[in-house]
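Right, one structure below, let's go through it.
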Amino acid sequence: MAISRRSLVKLAGMAPLMSAAPRFAWAADDKADYVLRIATGLVELAPEHIVSTTLYNNQFPGPLLRFKQGQRVVVEVHNDTDTPELVHWHGQTIPSDIDGAAEEGSPYVPAHGVSRTAFVPGPSGFRFYHTHVVAGADLNRGTYSGQFGPVYIEPKDDPGAYDREVFLVLKEFNPSFSRGGDMASDALVGTPIKALQQMGSAADEEAKDKTKGYEVSYELFSINGRMLGHGEPIRVKVGERVLFHVLNASATEIRSFALPGHVFRVVALDGNPVPTPANVPVLWLGTAERISAIVEMRHPGVWIMGDLADDDRGHGMGVVVEYDGKNGRPQWVKPKPFHWDYTQFGKRDIAPLAPDETIQMTIVKHNAAEHGFNRWTLNGEAFSMETMTPMFTLHRGKRYRLKFRNASDDIHPLHLHRHSFELTSVAERPTSGVIKDVVMLGGYQEVEIDFVADNPGDTLFHCHQQLHMDFGFMALFKYA
Ligand SMILES: [Cu+2]
């Protein structure tokens, strides 16, 4: 069928109504605006640490894609690897078969194949793209690989006054499995809920194998593909306002981030402007979370901006910030402990809208239940990749509240596909107005999020921790 570019834009907006149409054919005759090539390549983190992994366009991170909200793009993806791949457009409200999740029905890019896809980007803000395949026990697959790239969808108005912007992609390399690991237990505000702790202990008691399941740890840490001290410093001038767009591109880890003597003015979370911008000394980011923060450069020197954990920073998780005219050894000063509280960026004293329906999900860890890996259940069920049975039905236009209860001590970065959500309660503190697509759920804590079912099509929910999502921590929503 012959369609003009203008009518395609309209059609794409209507795409959910046309689920039977062969959407990929639309883009076939159009010139690609962007080409992504998935292939094995090398990343020189440091001269003595050159890693081999799967990359986009032979670089880490993948190219920054700048889209315009509402302006259709055609992306061509070449898969030069021996295994099928998926490119997921994280944080965008696009159709299920474009989104890049097999569970939603998105087709794979075949091994040594090409696929073309067209979509209308949105909402505006800091998004990203990454692979969405199951890794399981294969540490060369999924988000353990180097398949990450930032997306910036130009907004109609900028979130704040700044002189320039810097994108920072935080990423570990050379993963390996170990028995047990450390979780940043001091990351979040809130206290554990007794009933959830008891539920967790009961699950621990039931575990046949009393040992802990496998966790992943990493040898090398980097920002924008360079270990601390091996990349170009961020060169700044006194009085400059720098807008940092920080992405935690880890497969599994929670990150902290600080710049000694400076504060971050958080203006957006997951790319969405916050109702109450606030100054914080430390950023905390769960896997796949983004923070946009302005730093006013008023403390001349040569500084290390990086993770609070000495071990991670010592193995590369940092970048040097160098003031004009200053030189010498970069300095690190450990900040005081700081607990992350999403509600400080929310609206004060304004209750969220009442939901039409509340869906509760209780999360339980079953130690080493699956070939030595922990199995994760939601309301008693682990998601099956074989059957991909939907767990919940959504009705278009209704407002849903998801109430998560975490009966484990792990922090879970919860992610909902194809919809943004509003935080309505975090660790038993009510809030409103903070719009996100990933939220950290603390150990033995509760989080409530609201979303409007306004984007028909299969919709995946999962923990963004690769080990958790691969071993049960997923649920599929279907529209009625
Ligand atoms: Cu998790």
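Ligands are numbered from 1 in the order shown, chains are lettered A, B, ... in the order of the structure tokens, and residues start at 1 in each chain.
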| task | Pull the helix (DSSP H, G or I) assignments for region 59-148 of chain A out of DSSP run on the backbone, and list those residues as a list in words. | result |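 Of region 59-148 of chain A, the ones in helix (DSSP H, G or I) are Ser96, Asp97, Ile98, Asp99, Ala102, Glu103, Glu104, Gly142, Thr143 and Tyr144 of chain A.
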Using only C-alpha atoms and all ligand atoms, tabulate the residues of chain A lying at most 8 Å from any atom of ligand 1, each with its closest atom pair and that distance in Å to one decimal, by chain and increasing residue number, as a Markdown table.
```
| residue | atom | partner | partner_atom_place_in_ligand_line | distance |
| --- | --- | --- | --- | --- |
| A:Asp410 | CA | ligand 1 | 1 (Cu) | 6.9 |
| A:Ile411 | CA | ligand 1 | 1 (Cu) | 6.4 |
| A:His412 | CA | ligand 1 | 1 (Cu) | 3.7 |
| A:Pro413 | CA | ligand 1 | 1 (Cu) | 6.0 |
| A:Leu414 | CA | ligand 1 | 1 (Cu) | 7.0 |
| A:His462 | CA | ligand 1 | 1 (Cu) | 7.9 |
| A:Cys463 | CA | ligand 1 | 1 (Cu) | 4.5 |
| A:His464 | CA | ligand 1 | 1 (Cu) | 6.3 |
| A:Gln465 | CA | ligand 1 | 1 (Cu) | 4.9 |
| A:Gln466 | CA | ligand 1 | 1 (Cu) | 7.8 |
| A:Leu467 | CA | ligand 1 | 1 (Cu) | 7.6 |
| A:His468 | CA | ligand 1 | 1 (Cu) | 4.8 |
| A:Met469 | CA | ligand 1 | 1 (Cu) | 6.9 |
| A:Phe473 | CA | ligand 1 | 1 (Cu) | 6.8 |
```
Given the selection you just returned, output its residues as a file containing all heavy atoms, formatted as a short mmCIF file (atom, residue, chain, number, x, y, z; two decimals), in the first residue's frame.
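Saved result, again_13.cif, follows:
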```cif
data_model
loop_
_atom_site.label_atom_id
_atom_site.label_comp_id
_atom_site.auth_asym_id
_atom_site.auth_seq_id
_atom_site.Cartn_x
_atom_site.Cartn_y
_atom_site.Cartn_z
N ASP A 410 16.80 -8.22 48.97
CA ASP A 410 17.40 -7.57 47.81
C ASP A 410 16.62 -6.31 47.41
O ASP A 410 15.41 -6.25 47.60
CB ASP A 410 17.39 -8.48 46.57
CG ASP A 410 18.12 -9.77 46.79
OD1 ASP A 410 17.77 -10.50 47.75
OD2 ASP A 410 19.03 -10.08 46.02
N ILE A 411 17.36 -5.36 46.83
CA ILE A 411 16.70 -4.21 46.21
C ILE A 411 16.32 -4.62 44.79
O ILE A 411 17.13 -5.21 44.07
CB ILE A 411 17.64 -2.99 46.17
CG1 ILE A 411 17.94 -2.50 47.58
CG2 ILE A 411 17.04 -1.87 45.32
CD1 ILE A 411 18.99 -1.42 47.66
N HIS A 412 15.07 -4.33 44.38
CA HIS A 412 14.64 -4.68 43.03
C HIS A 412 14.32 -3.44 42.22
O HIS A 412 13.41 -2.68 42.57
CB HIS A 412 13.40 -5.58 43.08
CG HIS A 412 13.64 -6.85 43.81
ND1 HIS A 412 14.44 -7.86 43.32
CD2 HIS A 412 13.20 -7.28 45.02
CE1 HIS A 412 14.48 -8.85 44.19
NE2 HIS A 412 13.74 -8.53 45.24
N PRO A 413 15.04 -3.21 41.12
CA PRO A 413 14.67 -2.13 40.20
C PRO A 413 13.53 -2.59 39.29
O PRO A 413 13.74 -3.31 38.32
CB PRO A 413 15.96 -1.88 39.41
CG PRO A 413 16.75 -3.15 39.51
CD PRO A 413 16.28 -3.90 40.72
N LEU A 414 12.31 -2.21 39.65
CA LEU A 414 11.10 -2.69 38.95
C LEU A 414 10.86 -1.86 37.70
O LEU A 414 10.89 -0.64 37.74
CB LEU A 414 9.89 -2.58 39.88
CG LEU A 414 10.04 -3.23 41.26
CD1 LEU A 414 8.83 -2.91 42.13
CD2 LEU A 414 10.24 -4.74 41.13
N HIS A 462 8.87 -6.37 34.76
CA HIS A 462 9.91 -7.24 35.34
C HIS A 462 10.87 -6.47 36.20
O HIS A 462 10.95 -5.25 36.15
CB HIS A 462 10.68 -7.98 34.22
CG HIS A 462 11.43 -7.08 33.28
ND1 HIS A 462 12.74 -6.68 33.52
CD2 HIS A 462 11.08 -6.51 32.11
CE1 HIS A 462 13.15 -5.90 32.52
NE2 HIS A 462 12.16 -5.78 31.65
N CYS A 463 11.60 -7.23 37.00
CA CYS A 463 12.74 -6.67 37.70
C CYS A 463 13.86 -6.50 36.67
O CYS A 463 14.08 -7.38 35.85
CB CYS A 463 13.19 -7.60 38.81
SG CYS A 463 14.62 -6.95 39.69
N HIS A 464 14.56 -5.36 36.69
CA HIS A 464 15.59 -5.12 35.68
C HIS A 464 16.93 -5.76 36.05
O HIS A 464 17.90 -5.68 35.29
CB HIS A 464 15.76 -3.62 35.43
CG HIS A 464 15.97 -3.28 34.00
ND1 HIS A 464 17.17 -3.52 33.35
CD2 HIS A 464 15.15 -2.76 33.06
CE1 HIS A 464 17.06 -3.12 32.08
NE2 HIS A 464 15.85 -2.68 31.88
N GLN A 465 16.98 -6.41 37.21
CA GLN A 465 18.18 -7.15 37.58
C GLN A 465 18.16 -8.41 36.72
O GLN A 465 17.24 -9.23 36.83
CB GLN A 465 18.07 -7.48 39.08
CG GLN A 465 19.35 -7.50 39.86
CD GLN A 465 20.08 -8.82 39.75
OE1 GLN A 465 19.89 -9.59 38.80
NE2 GLN A 465 20.93 -9.08 40.71
N GLN A 466 19.16 -8.58 35.85
CA GLN A 466 19.11 -9.65 34.84
C GLN A 466 18.92 -11.03 35.46
O GLN A 466 18.15 -11.85 34.95
CB GLN A 466 20.36 -9.61 33.97
CG GLN A 466 20.37 -10.65 32.84
CD GLN A 466 19.72 -10.19 31.55
OE1 GLN A 466 20.01 -9.12 31.05
NE2 GLN A 466 18.83 -11.02 31.00
N LEU A 467 19.59 -11.28 36.57
CA LEU A 467 19.46 -12.59 37.23
C LEU A 467 18.05 -12.83 37.76
O LEU A 467 17.59 -13.96 37.82
CB LEU A 467 20.40 -12.66 38.44
CG LEU A 467 21.77 -13.28 38.29
CD1 LEU A 467 22.46 -13.21 39.63
CD2 LEU A 467 21.70 -14.70 37.78
N HIS A 468 17.42 -11.75 38.19
CA HIS A 468 16.06 -11.89 38.73
C HIS A 468 15.06 -12.10 37.60
O HIS A 468 14.21 -12.97 37.66
CB HIS A 468 15.68 -10.66 39.56
CG HIS A 468 16.59 -10.44 40.75
ND1 HIS A 468 16.42 -9.41 41.64
CD2 HIS A 468 17.69 -11.12 41.17
CE1 HIS A 468 17.37 -9.47 42.58
NE2 HIS A 468 18.15 -10.49 42.30
N MET A 469 15.17 -11.29 36.54
CA MET A 469 14.19 -11.41 35.45
C MET A 469 14.31 -12.75 34.73
O MET A 469 13.32 -13.32 34.29
CB MET A 469 14.28 -10.23 34.47
CG MET A 469 15.52 -10.15 33.63
SD MET A 469 15.57 -8.65 32.59
CE MET A 469 14.47 -9.11 31.24
N PHE A 473 11.22 -13.44 37.75
CA PHE A 473 10.71 -12.15 38.19
C PHE A 473 10.19 -11.32 37.01
O PHE A 473 10.78 -10.32 36.62
CB PHE A 473 11.81 -11.40 38.94
CG PHE A 473 11.34 -10.31 39.87
CD1 PHE A 473 12.07 -10.03 41.01
CD2 PHE A 473 10.20 -9.56 39.61
CE1 PHE A 473 11.67 -9.02 41.88
CE2 PHE A 473 9.79 -8.56 40.47
CZ PHE A 473 10.54 -8.30 41.61
#
```
Which residues of region 245-345 of chain A have any atom within 10 Å of an atom in region 114-135 of chain A when counting only C-alpha atoms, and what is the closest pair of atoms for each, with the distance in Å to one decimal? Order the rows by chain and rising number and write it as CSV.
```
residue,atom,partner,partner_atom,distance
A:His245,CA,A:Phe126,CA,7.4
A:Val246,CA,A:Phe126,CA,9.2
A:Leu247,CA,A:Phe128,CA,8.4
A:Ala249,CA,A:His130,CA,8.9
A:Ala268,CA,A:Gly125,CA,8.5
A:Leu269,CA,A:Phe126,CA,8.7
A:Asp270,CA,A:Phe126,CA,6.4
A:Gly271,CA,A:Phe126,CA,4.1
A:Asn272,CA,A:Gly125,CA,6.1
A:Pro273,CA,A:Gly125,CA,8.3
A:Ala288,CA,A:Phe128,CA,8.6
A:Glu289,CA,A:Arg127,CA,9.4
A:Arg290,CA,A:Phe126,CA,7.3
A:Ile291,CA,A:Phe126,CA,8.6
A:Ser292,CA,A:Phe126,CA,8.0
```
| request: For region 390-404 of chain A, please output as a ChimeraX atom specification all residues within 9 Å (counting only C-alpha atoms; exclusion window: fewer than 4 positions along the same chain). | output: /A:353-363,383,424-425,441,445-456,458,475-480
| task | Enumerate, as a ChimeraX atom specification, the complete set of residues in region 189-304 of chain A that a backbone-based DSSP assignment places in strand (DSSP E). | result | /A:214-223,234-236,241-248,255-257,264-269,272-280,283-285,290-296,302-304
| said: Quick one: residues within 12 Å of Gly200 (chain A), only C-alpha atoms, excluding same-chain residues fewer than 6 positions away - as a list of chain:residue names? | reply: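 Everything that qualifies: A:Pro192, A:Ile193, A:Lys194, A:Glu206, A:Ala207, A:Thr362, A:Ile363, A:Val364, A:Lys365, A:His366, A:Asn367, A:Trp376, A:Thr377, A:Arg405, A:Asn406, A:Ala407, A:Ser408, A:Asp409, A:Asp410, A:Gly443, A:Tyr444, A:Gln445.
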If you take only C-alpha atoms and a cut-off of 8 Å, which residues of region 313-377 of chain A touch region 211-230 of chain A, and what are their nearest atom pairs and distances in Å to one decimal, in chain and number order, as a Markdown table?
```
| residue | atom | partner | partner_atom | distance |
| --- | --- | --- | --- | --- |
| A:Arg313 | CA | A:Leu228 | CA | 7.4 |
| A:Gly314 | CA | A:Leu228 | CA | 7.9 |
| A:His315 | CA | A:Leu220 | CA | 5.7 |
| A:Gly316 | CA | A:Met227 | CA | 4.1 |
| A:Met317 | CA | A:Phe221 | CA | 4.8 |
| A:Gly318 | CA | A:Leu228 | CA | 4.7 |
| A:Val319 | CA | A:Leu228 | CA | 5.1 |
| A:Val320 | CA | A:Gly229 | CA | 6.8 |
| A:Asn367 | CA | A:Gly213 | CA | 5.5 |
| A:Ala368 | CA | A:Gly213 | CA | 4.1 |
| A:Ala369 | CA | A:Gly213 | CA | 7.7 |
| A:Gly372 | CA | A:Gly213 | CA | 5.3 |
| A:Phe373 | CA | A:Gly213 | CA | 4.6 |
| A:Asn374 | CA | A:Gly213 | CA | 4.8 |
```
